[in-house]
file my_file16.cif (mmCIF, C-alpha atoms and all ligand atoms)
data_final
#
loop_
_atom_site.label_atom_id
_atom_site.label_comp_id
_atom_site.auth_asym_id
_atom_site.auth_seq_id
_atom_site.Cartn_x
_atom_site.Cartn_y
_atom_site.Cartn_z
CA MET A 1 14.03 -6.55 14.88
CA ASN A 2 16.63 -8.48 12.85
CA ASN A 3 14.75 -11.75 13.46
CA ILE A 4 11.55 -10.11 12.25
CA ILE A 5 13.28 -8.77 9.13
CA GLU A 6 14.68 -12.23 8.30
CA PHE A 7 11.23 -13.80 8.75
CA VAL A 8 9.54 -11.25 6.46
CA LYS A 9 12.23 -11.58 3.78
CA LYS A 10 11.64 -15.34 3.66
CA GLU A 11 7.84 -15.05 3.58
CA LEU A 12 7.83 -12.51 0.73
CA ALA A 13 10.79 -13.88 -1.21
CA PHE A 14 8.68 -15.10 -4.13
CA ASP A 15 6.31 -12.19 -4.52
CA HIS A 16 6.05 -10.47 -7.90
CA SER A 17 2.88 -8.48 -7.28
CA GLY A 18 4.40 -5.37 -5.73
CA HIS A 19 4.66 -6.69 -2.16
CA ASN A 20 8.33 -7.60 -2.12
CA PHE A 21 10.72 -6.68 0.65
CA LYS A 22 11.59 -3.37 -1.01
CA HIS A 23 7.95 -2.33 -0.51
CA ILE A 24 8.23 -3.26 3.18
CA GLU A 25 11.46 -1.29 3.59
CA ARG A 26 9.92 1.80 2.00
CA VAL A 27 6.86 1.54 4.25
CA VAL A 28 9.13 1.31 7.30
CA LYS A 29 11.06 4.35 6.10
CA ASN A 30 7.85 6.33 5.53
CA ALA A 31 6.64 5.32 8.99
CA LYS A 32 9.89 6.43 10.67
CA TYR A 33 9.52 9.82 9.00
CA LEU A 34 5.87 10.07 10.08
CA ILE A 35 6.75 9.08 13.68
CA LYS A 36 9.35 11.84 13.78
CA HIS A 37 6.70 14.43 12.88
CA GLU A 38 3.56 12.93 14.39
CA GLY A 39 4.62 10.75 17.36
CA GLY A 40 3.23 7.24 17.99
CA ASN A 41 4.66 4.05 19.50
CA GLU A 42 7.73 3.20 17.44
CA LYS A 43 7.95 -0.48 18.45
CA ILE A 44 4.29 -1.19 17.59
CA ILE A 45 4.38 0.84 14.37
CA ILE A 46 7.64 -0.47 12.95
CA THR A 47 6.90 -4.11 13.82
CA SER A 48 3.44 -3.75 12.24
CA CYS A 49 4.97 -2.22 9.10
CA TYR A 50 7.37 -5.14 8.73
CA LEU A 51 4.56 -7.67 9.20
CA HIS A 52 1.67 -5.88 7.48
CA ASP A 53 1.61 -7.94 4.27
CA ILE A 54 2.19 -11.30 5.95
CA ILE A 55 -1.53 -11.76 6.74
CA ASP A 56 -2.88 -10.70 3.33
CA SER A 57 -5.34 -13.14 1.75
CA LYS A 58 -4.22 -11.95 -1.70
CA LEU A 59 -0.77 -13.34 -0.97
CA PHE A 60 -1.37 -16.29 1.34
CA ASP A 61 -4.05 -19.00 1.23
CA ASP A 62 -3.94 -19.98 4.90
CA ILE A 63 -4.45 -16.78 6.90
CA ASP A 64 -4.79 -18.57 10.25
CA LEU A 65 -1.43 -20.21 9.70
CA GLN A 66 0.11 -16.82 8.87
CA LYS A 67 -1.32 -15.38 12.08
CA GLU A 68 0.05 -18.28 14.11
CA LYS A 69 3.49 -17.78 12.59
CA ILE A 70 3.44 -14.12 13.56
CA VAL A 71 2.37 -14.84 17.13
CA ASP A 72 5.14 -17.46 17.48
CA LEU A 73 7.68 -15.05 16.07
CA LEU A 74 6.69 -12.25 18.44
CA VAL A 75 6.46 -14.53 21.49
CA ASN A 76 9.92 -15.94 20.72
CA ASN A 77 11.23 -12.41 20.49
CA HIS A 78 9.84 -11.41 23.90
CA TYR A 79 6.97 -9.17 22.82
CA LEU A 80 4.34 -8.75 25.57
CA PRO A 81 0.87 -10.28 24.99
CA SER A 82 -0.62 -6.76 24.93
CA GLU A 83 1.89 -5.69 22.26
CA ILE A 84 1.15 -8.78 20.15
CA GLU A 85 -2.56 -8.08 20.39
CA GLU A 86 -2.08 -4.49 19.30
CA ILE A 87 0.20 -5.41 16.38
CA LEU A 88 -2.35 -7.96 15.11
CA GLU A 89 -5.07 -5.32 15.34
CA VAL A 90 -3.00 -2.75 13.44
CA ILE A 91 -2.29 -5.25 10.66
CA ASP A 92 -5.94 -6.22 10.51
CA ARG A 93 -7.14 -2.63 10.22
CA ILE A 94 -4.81 -1.16 7.60
CA SER A 95 -6.25 -2.57 4.41
CA PHE A 96 -7.98 -0.12 2.03
CA SER A 97 -10.89 -2.48 1.45
CA LYS A 98 -11.43 -3.26 5.13
CA GLY A 99 -11.42 0.24 6.49
CA ASN A 100 -14.28 2.66 6.67
CA ILE A 101 -12.44 5.88 5.96
CA ASP A 102 -14.50 7.89 8.41
CA GLU A 103 -13.82 5.52 11.26
CA CYS A 104 -11.69 6.78 14.09
CA TYR A 105 -8.31 5.11 14.40
CA ASN A 106 -5.58 5.43 16.95
CA LEU A 107 -2.34 7.12 15.91
CA ASN A 108 -0.38 3.86 15.53
CA ILE A 109 -2.91 2.48 13.05
CA GLU A 110 -3.09 5.79 11.21
CA ILE A 111 0.67 5.96 10.74
CA VAL A 112 0.97 2.39 9.42
CA ARG A 113 -1.95 3.00 7.04
CA ASP A 114 -0.51 6.29 5.81
CA ALA A 115 2.96 4.78 5.39
CA ASP A 116 1.55 1.87 3.34
CA ARG A 117 -0.70 4.10 1.22
CA LEU A 118 2.11 6.54 0.45
CA ASP A 119 3.86 3.61 -1.21
CA ALA A 120 0.82 3.02 -3.45
CA ILE A 121 0.97 6.50 -5.04
CA GLY A 122 3.52 8.66 -6.89
CA ALA A 123 6.24 7.22 -9.11
CA ILE A 124 6.48 4.11 -6.96
CA GLY A 125 2.71 3.69 -7.02
CA ILE A 126 2.73 3.76 -10.82
CA ILE A 127 5.43 1.08 -10.93
CA ARG A 128 3.59 -1.11 -8.42
CA ALA A 129 0.26 -0.83 -10.26
CA ILE A 130 1.95 -1.97 -13.47
CA GLU A 131 3.79 -4.77 -11.64
CA TYR A 132 0.57 -5.94 -10.02
CA GLY A 133 -1.37 -5.79 -13.31
CA THR A 134 1.35 -7.69 -15.12
CA SER A 135 1.42 -10.36 -12.42
CA LYS A 136 -2.34 -10.86 -13.08
CA GLN A 137 -1.85 -10.80 -16.87
CA ARG A 138 -3.86 -7.60 -17.19
CA GLN A 139 -3.48 -4.99 -19.90
CA PHE A 140 -2.45 -1.50 -18.84
CA TYR A 141 -5.32 -0.04 -20.87
CA GLU A 142 -7.89 -0.91 -23.49
CA GLU A 143 -9.02 1.39 -26.29
CA ALA A 144 -12.66 0.66 -25.50
CA ASN A 145 -12.32 2.49 -22.21
CA LEU A 146 -10.87 5.68 -23.58
CA GLU A 147 -13.06 8.54 -24.64
CA TYR A 148 -11.78 10.73 -27.44
CA ASN A 149 -12.99 14.27 -27.93
CA GLU A 150 -11.57 17.21 -29.83
CA SER A 151 -8.95 18.38 -27.43
CA ASN A 152 -8.10 15.38 -25.32
CA ILE A 153 -8.73 11.81 -24.20
CA SER A 154 -10.16 10.73 -20.92
CA PHE A 155 -10.92 7.52 -19.12
CA LYS A 156 -14.47 6.36 -19.68
CA GLU A 157 -15.27 3.50 -17.36
CA SER A 158 -13.88 1.10 -14.84
CA THR A 159 -12.52 -2.15 -16.19
CA ASN A 160 -10.08 -4.84 -15.38
CA THR A 161 -7.05 -2.82 -16.50
CA SER A 162 -4.23 -1.31 -14.48
CA LEU A 163 -5.27 2.11 -15.80
CA SER A 164 -8.67 1.68 -14.15
CA HIS A 165 -6.91 1.08 -10.82
CA PHE A 166 -5.77 4.71 -10.89
CA TYR A 167 -9.43 5.81 -10.88
CA ASP A 168 -10.69 3.06 -8.57
CA LYS A 169 -8.10 3.66 -5.88
CA LEU A 170 -4.81 5.48 -6.48
CA LEU A 171 -6.23 8.94 -7.24
CA LYS A 172 -8.45 8.73 -4.15
CA LEU A 173 -5.72 7.91 -1.69
CA LYS A 174 -4.50 11.45 -1.05
CA ASP A 175 -7.86 12.30 0.51
CA TYR A 176 -7.72 9.23 2.74
CA MET A 177 -4.45 10.09 4.48
CA HIS A 178 -4.89 10.48 8.23
CA THR A 179 -1.89 12.49 9.41
CA TYR A 180 -0.94 16.01 8.37
CA THR A 181 2.58 14.94 7.38
CA ALA A 182 1.29 12.15 5.13
CA LYS A 183 -1.28 14.49 3.53
CA LYS A 184 1.55 16.85 2.57
CA MET A 185 3.67 14.02 1.16
CA ALA A 186 0.67 12.63 -0.73
CA GLU A 187 -0.05 15.90 -2.53
CA LYS A 188 3.24 15.82 -4.44
CA ARG A 189 2.87 12.16 -5.33
CA HIS A 190 -0.72 12.75 -6.46
CA GLU A 191 0.33 15.60 -8.75
CA PHE A 192 2.96 13.34 -10.29
CA MET A 193 0.35 10.66 -11.11
CA LEU A 194 -1.86 13.29 -12.74
CA LYS A 195 1.08 14.43 -14.87
CA PHE A 196 1.82 10.83 -15.79
CA LEU A 197 -1.77 10.26 -16.93
CA GLU A 198 -1.83 13.50 -18.89
CA GLU A 199 1.36 12.55 -20.71
CA PHE A 200 0.09 9.00 -21.25
CA TYR A 201 -3.13 10.25 -22.90
CA SER A 202 -1.25 12.75 -25.02
CA GLU A 203 1.11 10.05 -26.32
CA ILE A 204 -1.79 7.70 -27.04
CA LYS A 205 -3.50 10.47 -28.98
P1 LIG A 301 -1.83 -2.86 0.20
O1 LIG A 301 -0.47 -3.47 0.40
O2 LIG A 301 -1.86 -1.40 0.50
O3 LIG A 301 -2.97 -3.64 0.80
P2 LIG A 301 -2.68 -3.98 -2.23
O4 LIG A 301 -2.27 -5.32 -1.73
O5 LIG A 301 -4.12 -3.69 -2.41
O6 LIG A 301 -2.06 -2.84 -1.33
O7 LIG A 301 -1.92 -3.70 -3.55
C1 LIG A 301 -0.54 -3.78 -3.67
C2 LIG A 301 -0.08 -2.93 -4.84
O8 LIG A 301 -0.70 -3.41 -6.03
C3 LIG A 301 -0.50 -1.50 -4.66
O9 LIG A 301 0.50 -0.65 -5.15
C4 LIG A 301 -1.76 -1.42 -5.47
O10 LIG A 301 -1.99 -0.12 -5.97
C5 LIG A 301 -1.51 -2.40 -6.59
N1 LIG A 301 -2.78 -2.98 -7.02
C6 LIG A 301 -3.73 -3.58 -6.26
N2 LIG A 301 -4.80 -3.95 -7.00
C7 LIG A 301 -4.50 -3.57 -8.27
C8 LIG A 301 -5.18 -3.65 -9.53
N3 LIG A 301 -6.38 -4.19 -9.64
N4 LIG A 301 -4.56 -3.16 -10.63
C9 LIG A 301 -3.34 -2.59 -10.53
N5 LIG A 301 -2.65 -2.48 -9.39
C10 LIG A 301 -3.21 -2.95 -8.27
NI NI A 302 1.73 -2.95 1.82
#

call {"tool": "encode", "arguments": {"input": "my_file16.cif", "output": "structure tokens", "more": "lines below"}}
Ligand code: ADP
Ligand code: NI
result
Amino acid sequence: MNNIIEFVKKELAFDHSGHNFKHIERVVKNAKYLIKHEGGNEKIIITSCYLHDIIDSKLFDDIDLQKEKIVDLLVNNHYLPSEIEEILEVIDRISFSKGNIDECYNLNIEIVRDADRLDAIGAIGIIRAIEYGTSKQRQFYEEANLEYNESNISFKESTNTSLSHFYDKLLKLKDYMHTYTAKKMAEKRHEFMLKFLEEFYSEIK
């Protein structure tokens, strides 16, 4: 596992869009907690968590090259062909955009997905959304997309702001968790984002 950690650290060393190694470590930690309560194959899950952002087209131009690097790494570290195949499948299936939420997944995929999604919500999720938006030179919000009425302000429509990302994705994630344990963890993080938005609107007002 140390060789895998060193590889991932090097690959993500220059990321400023919320995918740095701290994100990976938190996902691994979430996954270990989920495994304790839900089961699953620890070797497949933890390896997939470490490698899950290494084949992301948002971060790397040459996806085939990234895949080759992962296969070499796993072969050199004595993973079986069947394990390598499963890890590549897990990584391929975890993205929010790629997955049909009603599709049936196996437990290993579900745990990696839940672990990754938990890191997109709550206090950490707020930080990452702002980091990501900043890395793309996006505003957090624009006045044109806020709707004022007598008692409060609300968000009017989806735009290219980080605030819109809360409505496009982050506030939906709690309903997309697969495992019971992740659903429970997501509730608290979801409530915190709602409080954050409420306070944000009240300060703007
Ligand atoms: P994942 O690693 O789960 O595939 P993404 O790569 O989609 O997640 O996003 C990484 C982080 O950046 C997440 O915390 C996500 O919420 C945030 N993010 C992604 N797209 C946007 C966006 N358009 N605006 C703000 N934050 C975003
Ligand atoms: Ni991730």

call {"tool": "residues_near_ligand", "arguments": {"input": "my_file16.cif", "ligand": "ligand NI 302 (chain A)", "cutoff": "7 Å", "atoms": "all atoms listed in the file", "output": "list of chain:residue names"}}
result
A:His19, A:His23, A:Ile24, A:His52, A:Asp53, A:Asp116

call {"tool": "write_last_selection", "arguments": {"input": "my_file16.cif", "atoms": "C-alpha atoms", "output": "tab-separated table (two decimals), in the coordinates of the input"}}
result
chain	number	residue	atom	x	y	z
A	19	HIS	CA	4.66	-6.69	-2.16
A	23	HIS	CA	7.95	-2.33	-0.51
A	24	ILE	CA	8.23	-3.26	3.18
A	52	HIS	CA	1.67	-5.88	7.48
A	53	ASP	CA	1.61	-7.94	4.27
A	116	ASP	CA	1.55	1.87	3.34

call {"tool": "axis_aligned_box", "arguments": {"input": "my_file16.cif", "around": "ligand LIG 301 (chain A)", "padding_each_side": "3 Å", "output": "lines of an AutoDock Vina configuration file"}}
result
center_x = -2.9
center_y = -2.7
center_z = -4.9
size_x = 12.9
size_y = 11.2
size_z = 17.4

call {"tool": "closest_residue", "arguments": {"input": "my_file16.cif", "among": "A:Glu68, A:Asp175, A:Asp92, A:Glu11", "to": "ligand LIG 301 (chain A)", "atoms": "only C-alpha atoms and all ligand atoms"}}
result
A:Asp92

call {"tool": "residues_near_ligand", "arguments": {"input": "my_file16.cif", "ligand": "ligand LIG 301 (chain A)", "cutoff": "6 Å", "atoms": "only C-alpha atoms and all ligand atoms", "output": "NGL selection string"}}
result
:A and (18 or 95 or 116-117 or 120 or 125 or 128-129 or 132-133 or 162 or 165)

call {"tool": "closest_residue", "arguments": {"input": "my_file16.cif", "among": "A:Arg113, A:Lys174, A:Phe21, A:Leu74", "to": "Ile45 in chain A", "atoms": "only C-alpha atoms"}}
result
A:Arg113

call {"tool": "atom_distance", "arguments": {"input": "my_file16.cif", "atom1": "CA of Leu59 in chain A", "atom2": "CA of Lys29 in chain A"}}
result
22.4 Å

call {"tool": "atom_distance", "arguments": {"input": "my_file16.cif", "atom1": "CA of Ile54 in chain A", "atom2": "CA of Lys67 in chain A"}}
result
8.2 Å

call {"tool": "closest_residue", "arguments": {"input": "my_file16.cif", "among": "A:Ile35, A:Ala182, A:Ile153, A:Val71", "to": "Glu198 in chain A", "atoms": "all atoms listed in the file"}}
result
A:Ile153

call {"tool": "atom_distance", "arguments": {"input": "my_file16.cif", "atom1": "CA of Leu12 in chain A", "atom2": "CA of Ile70 in chain A"}}
result
13.7 Å

call {"tool": "residues_near_point", "arguments": {"input": "my_file16.cif", "point": "(-9.9, -5.1, -18.1)", "cutoff": "12 Å", "atoms": "only C-alpha atoms", "output": "VMD selection string"}}
result
chain A and resid 133 to 134 136 to 145 157 to 165

call {"tool": "residues_around", "arguments": {"input": "my_file16.cif", "residues": "range 189-191 of chain A", "least_positions_apart": "3", "cutoff": "6 Å", "atoms": "all atoms listed in the file", "output": "MDAnalysis selection string"}}
result
chainID A and resid 121:122 186 194

call {"tool": "closest_residue", "arguments": {"input": "my_file16.cif", "among": "A:Glu25, A:Glu38, A:Glu89, A:Asp15", "to": "Lys58 in chain A", "atoms": "all atoms listed in the file"}}
result
A:Asp15

call {"tool": "closest_residue", "arguments": {"input": "my_file16.cif", "among": "A:Ile63, A:Ile127, A:Leu34, A:Met177", "to": "Tyr105 in chain A", "atoms": "only C-alpha atoms"}}
result
A:Met177

call {"tool": "build_atoms", "arguments": {"input": "my_file16.cif", "residues": "range 182-201 of chain A", "atoms": "N, CA, C and O atoms", "output": "mmCIF file, keeping the file's coordinate frame"}}
result
data_model
loop_
_atom_site.group_PDB
_atom_site.id
_atom_site.type_symbol
_atom_site.label_atom_id
_atom_site.label_comp_id
_atom_site.auth_asym_id
_atom_site.auth_seq_id
_atom_site.Cartn_x
_atom_site.Cartn_y
_atom_site.Cartn_z
ATOM 1 N N ALA A 182 1.552 13.032 6.270
ATOM 2 C CA ALA A 182 1.290 12.150 5.130
ATOM 3 C C ALA A 182 0.464 12.876 4.061
ATOM 4 O O ALA A 182 0.678 12.680 2.859
ATOM 5 N N LYS A 183 -0.478 13.720 4.497
ATOM 6 C CA LYS A 183 -1.280 14.490 3.530
ATOM 7 C C LYS A 183 -0.365 15.354 2.660
ATOM 8 O O LYS A 183 -0.516 15.430 1.453
ATOM 9 N N LYS A 184 0.608 15.994 3.305
ATOM 10 C CA LYS A 184 1.550 16.850 2.570
ATOM 11 C C LYS A 184 2.356 16.019 1.581
ATOM 12 O O LYS A 184 2.554 16.394 0.421
ATOM 13 N N MET A 185 2.866 14.871 2.038
ATOM 14 C CA MET A 185 3.670 14.020 1.160
ATOM 15 C C MET A 185 2.818 13.494 -0.009
ATOM 16 O O MET A 185 3.292 13.349 -1.138
ATOM 17 N N ALA A 186 1.548 13.224 0.287
ATOM 18 C CA ALA A 186 0.670 12.630 -0.730
ATOM 19 C C ALA A 186 0.363 13.620 -1.850
ATOM 20 O O ALA A 186 0.216 13.215 -3.009
ATOM 21 N N GLU A 187 0.284 14.902 -1.511
ATOM 22 C CA GLU A 187 -0.050 15.900 -2.530
ATOM 23 C C GLU A 187 0.914 15.851 -3.710
ATOM 24 O O GLU A 187 0.516 15.848 -4.867
ATOM 25 N N LYS A 188 2.214 15.816 -3.392
ATOM 26 C CA LYS A 188 3.240 15.820 -4.440
ATOM 27 C C LYS A 188 3.142 14.552 -5.291
ATOM 28 O O LYS A 188 3.210 14.599 -6.519
ATOM 29 N N ARG A 189 2.946 13.428 -4.619
ATOM 30 C CA ARG A 189 2.870 12.160 -5.330
ATOM 31 C C ARG A 189 1.612 12.111 -6.213
ATOM 32 O O ARG A 189 1.616 11.547 -7.309
ATOM 33 N N HIS A 190 0.535 12.694 -5.701
ATOM 34 C CA HIS A 190 -0.720 12.750 -6.460
ATOM 35 C C HIS A 190 -0.532 13.572 -7.743
ATOM 36 O O HIS A 190 -0.925 13.136 -8.827
ATOM 37 N N GLU A 191 0.087 14.742 -7.585
ATOM 38 C CA GLU A 191 0.330 15.600 -8.750
ATOM 39 C C GLU A 191 1.137 14.855 -9.810
ATOM 40 O O GLU A 191 0.890 14.972 -11.006
ATOM 41 N N PHE A 192 2.124 14.084 -9.346
ATOM 42 C CA PHE A 192 2.960 13.340 -10.290
ATOM 43 C C PHE A 192 2.147 12.302 -11.070
ATOM 44 O O PHE A 192 2.332 12.135 -12.276
ATOM 45 N N MET A 193 1.205 11.638 -10.400
ATOM 46 C CA MET A 193 0.350 10.660 -11.110
ATOM 47 C C MET A 193 -0.527 11.359 -12.138
ATOM 48 O O MET A 193 -0.737 10.833 -13.234
ATOM 49 N N LEU A 194 -1.036 12.546 -11.777
ATOM 50 C CA LEU A 194 -1.860 13.290 -12.740
ATOM 51 C C LEU A 194 -1.040 13.653 -13.976
ATOM 52 O O LEU A 194 -1.517 13.534 -15.107
ATOM 53 N N LYS A 195 0.205 14.086 -13.735
ATOM 54 C CA LYS A 195 1.080 14.430 -14.870
ATOM 55 C C LYS A 195 1.350 13.199 -15.733
ATOM 56 O O LYS A 195 1.374 13.267 -16.958
ATOM 57 N N PHE A 196 1.588 12.084 -15.069
ATOM 58 C CA PHE A 196 1.820 10.830 -15.790
ATOM 59 C C PHE A 196 0.627 10.492 -16.692
ATOM 60 O O PHE A 196 0.788 10.173 -17.872
ATOM 61 N N LEU A 197 -0.577 10.597 -16.151
ATOM 62 C CA LEU A 197 -1.770 10.260 -16.930
ATOM 63 C C LEU A 197 -1.958 11.223 -18.094
ATOM 64 O O LEU A 197 -2.282 10.807 -19.210
ATOM 65 N N GLU A 198 -1.702 12.507 -17.820
ATOM 66 C CA GLU A 198 -1.830 13.500 -18.890
ATOM 67 C C GLU A 198 -0.884 13.181 -20.035
ATOM 68 O O GLU A 198 -1.263 13.181 -21.203
ATOM 69 N N GLU A 199 0.361 12.882 -19.699
ATOM 70 C CA GLU A 199 1.360 12.550 -20.710
ATOM 71 C C GLU A 199 0.977 11.249 -21.436
ATOM 72 O O GLU A 199 1.091 11.148 -22.655
ATOM 73 N N PHE A 200 0.511 10.272 -20.676
ATOM 74 C CA PHE A 200 0.090 9.000 -21.250
ATOM 75 C C PHE A 200 -1.005 9.229 -22.308
ATOM 76 O O PHE A 200 -0.910 8.754 -23.440
ATOM 77 N N TYR A 201 -2.039 9.992 -21.949
ATOM 78 C CA TYR A 201 -3.130 10.250 -22.900
ATOM 79 C C TYR A 201 -2.623 11.028 -24.117
ATOM 80 O O TYR A 201 -3.040 10.767 -25.237
#
